[in-house]
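Since the structure comes first, as structure tokens, the remarks are kept for the end.
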Amino acid sequence: MKKTTCKVTATIGTAILLAASVVGCGNAAGNTQTSTTAATTAADTSETVAPETETPVEEAAAADLTGSVTMAGSTSMEKLANALSESFMAEYPGVTVNAEFTGSGAGIESLIAGSVDIGNSSRNLKDEEKSQGAIENIVAIDGIGVIVDPENGLDGLTKEQLVDIYTGVVSNWSELGGTDEPIVVVGRESGSGTRDGFESILDVKDACAYANELDSTGAVIAKVASTPGAIGYASFGDLNDSVKTLALDEVMPSIETIKDGSYILQRPFVMATMGEIGEQSDAVQAIFTYLKSDAGKQIVESVGLVTVD
């Protein structure tokens, strides 16, 4: 009788333990289910929130940036500098950008002297400028257009003919198939990046016979437009209908021909700094970052220049 009682008791105890085990496993499964659901929900929430917070953070960073940026140099870069300054200050209202147009050589001198943050140059930096710490940051490519007065009957010149004109070998348009009219050779002043680029490409440095040497791109265009028989050169981005632009070796200057190199009269637009960009102030670094953005590239193209990678 005792043996039977013990056996029944043991059986009941085993049943109770099994029931408890089943309930425990059920709770564990329920907890796992809950944890998985919570993790999934958290992941979903994370994926949803991140894109919404990205733009406000960028806007906050732009709003927090303060300071000033000063630049000086190339008159050919005036359109680019003004358009960049206006757009950048709209994006970064706490930063003031001031630009002066004193010529490429003067701009690099100001940079080296420490009176400006950026020296604008429409030519490559010279070795002596680099040796003093100036760094060449190319931000765009420009073409140099050959221009004549609107009444000139010619549509183009060869490179050799252009060299002969500027060195004084040819002095009358009739020698090139034009009207019997003296050629008035107009160019930029010494120190101009446009002049340096033009003379370097044609290999006529210190050999040009200028009738007029003017101190800005605008002055050259105005002089050629108002002077019968005149010829000059100017930044592609500044060309207008007041003058006639000539083809060179049967190639007209355009964004496409400058980009593919078929138009040979082209040069870099440089925004030079003393030291690498990463060593500059936050505001100056932001200028260069902005130029590389889609908005910055649109500015470069809007003023008739070619973007660089």
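Letters A, B, ... go to the chains of the structure tokens in the order shown; residues in each chain start at 1; ligands are counted from 1 in the same order.
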(Q) I'd like to know which residues of segment 149-217 of chain A are alpha helix (DSSP H) (by DSSP, run on the backbone); could you write them as a list in words? (A)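 The residues of segment 149-217 of chain A classed as alpha helix (DSSP H) are Lys159, Glu160, Gln161, Leu162, Val163, Asp164, Ile165, Tyr166, Gly193, Thr194, Arg195, Asp196, Gly197, Phe198, Glu199, Ser200, Ile201, Leu202 and Thr217 of chain A.
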Write out, as an mmCIF file, in the first residue's frame, the residues just selected, with N, CA, C and O atoms.
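This is the output file selection.cif:
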data_model
loop_
_atom_site.group_PDB
_atom_site.id
_atom_site.type_symbol
_atom_site.label_atom_id
_atom_site.label_comp_id
_atom_site.auth_asym_id
_atom_site.auth_seq_id
_atom_site.Cartn_x
_atom_site.Cartn_y
_atom_site.Cartn_z
ATOM 1 N N LYS A 159 46.900 80.414 -85.937
ATOM 2 C CA LYS A 159 47.777 80.751 -84.809
ATOM 3 C C LYS A 159 48.976 81.559 -85.304
ATOM 4 O O LYS A 159 49.387 82.542 -84.663
ATOM 5 N N GLU A 160 49.529 81.182 -86.460
ATOM 6 C CA GLU A 160 50.699 81.888 -87.012
ATOM 7 C C GLU A 160 50.355 83.330 -87.366
ATOM 8 O O GLU A 160 51.154 84.248 -87.125
ATOM 9 N N GLN A 161 49.168 83.549 -87.933
ATOM 10 C CA GLN A 161 48.753 84.910 -88.273
ATOM 11 C C GLN A 161 48.586 85.754 -87.011
ATOM 12 O O GLN A 161 48.964 86.933 -86.985
ATOM 13 N N LEU A 162 48.031 85.159 -85.960
ATOM 14 C CA LEU A 162 47.853 85.890 -84.702
ATOM 15 C C LEU A 162 49.202 86.270 -84.103
ATOM 16 O O LEU A 162 49.376 87.396 -83.613
ATOM 17 N N VAL A 163 50.155 85.364 -84.169
ATOM 18 C CA VAL A 163 51.506 85.651 -83.688
ATOM 19 C C VAL A 163 52.117 86.798 -84.509
ATOM 20 O O VAL A 163 52.727 87.727 -83.951
ATOM 21 N N ASP A 164 51.960 86.753 -85.810
ATOM 22 C CA ASP A 164 52.514 87.808 -86.672
ATOM 23 C C ASP A 164 51.897 89.164 -86.370
ATOM 24 O O ASP A 164 52.585 90.198 -86.410
ATOM 25 N N ILE A 165 50.608 89.190 -86.054
ATOM 26 C CA ILE A 165 49.944 90.450 -85.709
ATOM 27 C C ILE A 165 50.524 91.017 -84.420
ATOM 28 O O ILE A 165 50.883 92.198 -84.338
ATOM 29 N N TYR A 166 50.626 90.187 -83.402
ATOM 30 C CA TYR A 166 51.056 90.690 -82.091
ATOM 31 C C TYR A 166 52.557 90.971 -82.004
ATOM 32 O O TYR A 166 52.995 91.719 -81.125
ATOM 33 N N GLY A 193 46.973 88.236 -65.677
ATOM 34 C CA GLY A 193 46.951 86.792 -65.905
ATOM 35 C C GLY A 193 46.512 86.454 -67.312
ATOM 36 O O GLY A 193 46.985 85.479 -67.909
ATOM 37 N N THR A 194 45.595 87.252 -67.866
ATOM 38 C CA THR A 194 45.126 87.019 -69.235
ATOM 39 C C THR A 194 46.268 87.230 -70.223
ATOM 40 O O THR A 194 46.470 86.430 -71.151
ATOM 41 N N ARG A 195 47.015 88.306 -70.022
ATOM 42 C CA ARG A 195 48.164 88.571 -70.891
ATOM 43 C C ARG A 195 49.206 87.460 -70.765
ATOM 44 O O ARG A 195 49.739 86.976 -71.777
ATOM 45 N N ASP A 196 49.471 87.050 -69.537
ATOM 46 C CA ASP A 196 50.456 85.992 -69.323
ATOM 47 C C ASP A 196 50.037 84.709 -70.031
ATOM 48 O O ASP A 196 50.856 84.050 -70.682
ATOM 49 N N GLY A 197 48.733 84.353 -69.901
ATOM 50 C CA GLY A 197 48.245 83.150 -70.555
ATOM 51 C C GLY A 197 48.323 83.257 -72.068
ATOM 52 O O GLY A 197 48.777 82.327 -72.750
ATOM 53 N N PHE A 198 47.877 84.378 -72.595
ATOM 54 C CA PHE A 198 47.871 84.609 -74.045
ATOM 55 C C PHE A 198 49.283 84.529 -74.615
ATOM 56 O O PHE A 198 49.544 83.806 -75.585
ATOM 57 N N GLU A 199 50.217 85.251 -74.002
ATOM 58 C CA GLU A 199 51.583 85.308 -74.528
ATOM 59 C C GLU A 199 52.322 83.982 -74.337
ATOM 60 O O GLU A 199 53.153 83.602 -75.174
ATOM 61 N N SER A 200 52.011 83.282 -73.248
ATOM 62 C CA SER A 200 52.676 81.996 -72.999
ATOM 63 C C SER A 200 52.244 80.949 -74.019
ATOM 64 O O SER A 200 53.077 80.200 -74.555
ATOM 65 N N ILE A 201 50.945 80.883 -74.285
ATOM 66 C CA ILE A 201 50.427 79.888 -75.234
ATOM 67 C C ILE A 201 50.966 80.143 -76.640
ATOM 68 O O ILE A 201 51.322 79.207 -77.369
ATOM 69 N N LEU A 202 51.050 81.419 -77.011
ATOM 70 C CA LEU A 202 51.541 81.769 -78.350
ATOM 71 C C LEU A 202 53.061 81.888 -78.404
ATOM 72 O O LEU A 202 53.630 82.072 -79.493
ATOM 73 N N THR A 217 39.788 93.593 -68.198
ATOM 74 C CA THR A 217 39.118 92.904 -69.305
ATOM 75 C C THR A 217 38.089 93.812 -69.958
ATOM 76 O O THR A 217 37.997 93.900 -71.192
#
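Within the 9 Å cut-off around segment 258-261 of chain A, using only C-alpha atoms and omitting residues fewer than 4 positions from it on the same chain, the listed residues are A:Ile141, A:Asp142, A:Gly143, A:Pro253, A:Ser254, A:Leu265, A:Gln266, A:Leu305, A:Val306, A:Thr307.
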Q: Pick out the closest residue to Gln280 of chain A from this set: A:Ile118, A:Ala99, A:Ile112, A:Leu154. Count only C-alpha atoms.
A: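 Selected residue with least distance to Gln280 of chain A: A:Ile118.
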Q: Please provide as a PyMOL selection string all residues within 12 Å of Ala209 of chain A, with the sequence filter that same-chain residues fewer than 2 positions apart are discarded (counting only C-alpha atoms).
A: chain A and resi 163-171+183-188+199+204-207+211-213
Q.
What's the separation between atom CA of Tyr210 of chain A and atom CA of Gly178 of chain A, in Å to one decimal place?
A.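 Answer for the atom CA of Tyr210 of chain A to atom CA of Gly178 of chain A separation: 20.2 Å.
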